[in-house]
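Student: I have a structure I would like to understand better, so I am pasting it below and will then ask my questions one at a time.
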Amino acid sequence: VQLQASGGGLVQAGGSLRLSCAASGLTFGSYVMGWFRQAPGKEREFLARINWDGIGTYYADSVKGRFIISRDNARNTVYLQMNSLEPEDAAVYYCASRSGGTWSLWGQGTLVTVSS
């Protein structure tokens with residue numbers, strides 16, 4: 001059972017990136033999925049979550065209107081489209097699945113660097 005995040009990299013301020021998180025070994029369509037990030041010296045920050053059906057979503061204020069979470073249950077993958085990136089968005093980004101109200105399974109993280 002694992003989550004594999006990918007898609008990070010170096011982008012200029014104002015640019016876009018799309019992160020992917022592929023799940024294996026779990027009934028993906030049954031789980032709420034989410035994205036988090038952690039910048040150096042800071043606590044892990046919740047960014048967005050999406051319900052099992054792909055319809056219900058919720059965003060942190062820090063990314064609302066710039067980031068879009070989506071999922072493809074047929075591909076066992078959740079995405080995070082990140083637009084209008086700012087240097088403050090630089091961090092390691094993590095995906096996670098939620099079970100029983102707890103974010104219980106985490107991906108390994110993918111690094112996003114934003115140059116000014």
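Letters A, B, ... mark the chains of the structure tokens in the order given; residue numbers begin at 1 per chain; ligand numbers begin at 1, in order shown.
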Write out as a ChimeraX atom specification the residues lying within 9 Å of Trp106 in chain A, counting only C-alpha atoms and excluding same-chain residues fewer than 5 positions away.
Tutor: /A:2-4,94-97
Student: Using only C-alpha atoms, find each residue in range 54-103 of chain A having at least one atom no more than 9 Å away from range 31-49 of chain A; report its shortest atom-to-atom pair and that distance in Å (one decimal), rows by chain then rising number, as a Markdown table.
Tutor:
| residue | atom | partner | partner_atom | distance |
| --- | --- | --- | --- | --- |
| A:Gly54 | CA | A:Val32 | CA | 9.0 |
| A:Gly56 | CA | A:Arg49 | CA | 8.3 |
| A:Thr57 | CA | A:Arg49 | CA | 5.6 |
| A:Tyr58 | CA | A:Arg49 | CA | 5.4 |
| A:Tyr59 | CA | A:Ala48 | CA | 4.3 |
| A:Ala60 | CA | A:Leu47 | CA | 5.0 |
| A:Asp61 | CA | A:Leu47 | CA | 8.3 |
| A:Ser62 | CA | A:Leu47 | CA | 7.6 |
| A:Val63 | CA | A:Leu47 | CA | 6.7 |
| A:Lys64 | CA | A:Leu47 | CA | 8.6 |
| A:Phe67 | CA | A:Ala48 | CA | 8.4 |
| A:Ile68 | CA | A:Ala48 | CA | 8.1 |
| A:Ile69 | CA | A:Ala48 | CA | 6.6 |
| A:Ser70 | CA | A:Arg49 | CA | 8.9 |
| A:Arg71 | CA | A:Met33 | CA | 8.5 |
| A:Val78 | CA | A:Met33 | CA | 7.2 |
| A:Tyr79 | CA | A:Trp35 | CA | 8.7 |
| A:Leu80 | CA | A:Trp35 | CA | 7.5 |
| A:Glu88 | CA | A:Ala39 | CA | 8.7 |
| A:Asp89 | CA | A:Ala39 | CA | 8.2 |
| A:Ala90 | CA | A:Ala39 | CA | 6.6 |
| A:Ala91 | CA | A:Ala39 | CA | 4.2 |
| A:Val92 | CA | A:Gln38 | CA | 5.3 |
| A:Tyr93 | CA | A:Arg37 | CA | 4.2 |
| A:Tyr94 | CA | A:Phe36 | CA | 5.1 |
| A:Cys95 | CA | A:Trp35 | CA | 4.5 |
| A:Ala96 | CA | A:Gly34 | CA | 5.3 |
| A:Ser97 | CA | A:Met33 | CA | 4.6 |
| A:Arg98 | CA | A:Val32 | CA | 5.3 |
| A:Ser99 | CA | A:Tyr31 | CA | 6.7 |
| A:Trp103 | CA | A:Gly34 | CA | 8.4 |
Student: If you run DSSP on the backbone, which residues of chain A are helix (DSSP H, G or I), as a VMD selection string?
Tutor: chain A and resid 28 to 30 87 to 89
Student: Out of A:Ser20, A:Gln12, A:Asn51, A:Gln108, which residue has the shortest atom-to-atom distance to Asn76 in chain A when counting only C-alpha atoms?
Tutor: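 Among the listed residues, the smallest separation from Asn76 in chain A belongs to A:Ser20.
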Student: From the DSSP assignment of the backbone, select every residue of chain A that is strand (DSSP E or B), and format the answer as a PyMOL selection string.
Tutor: chain A and resi 2-6+9-12+17-24+32-38+45-50+57-59+67-72+77-82+91-99+102-106+110-115
Student: Just the number, please: distance in Å from CA of Ala22 in chain A to CA of Arg75 in chain A, one decimal.
Tutor: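 Value for the CA of Ala22 in chain A-CA of Arg75 in chain A distance: 7.8 Å.
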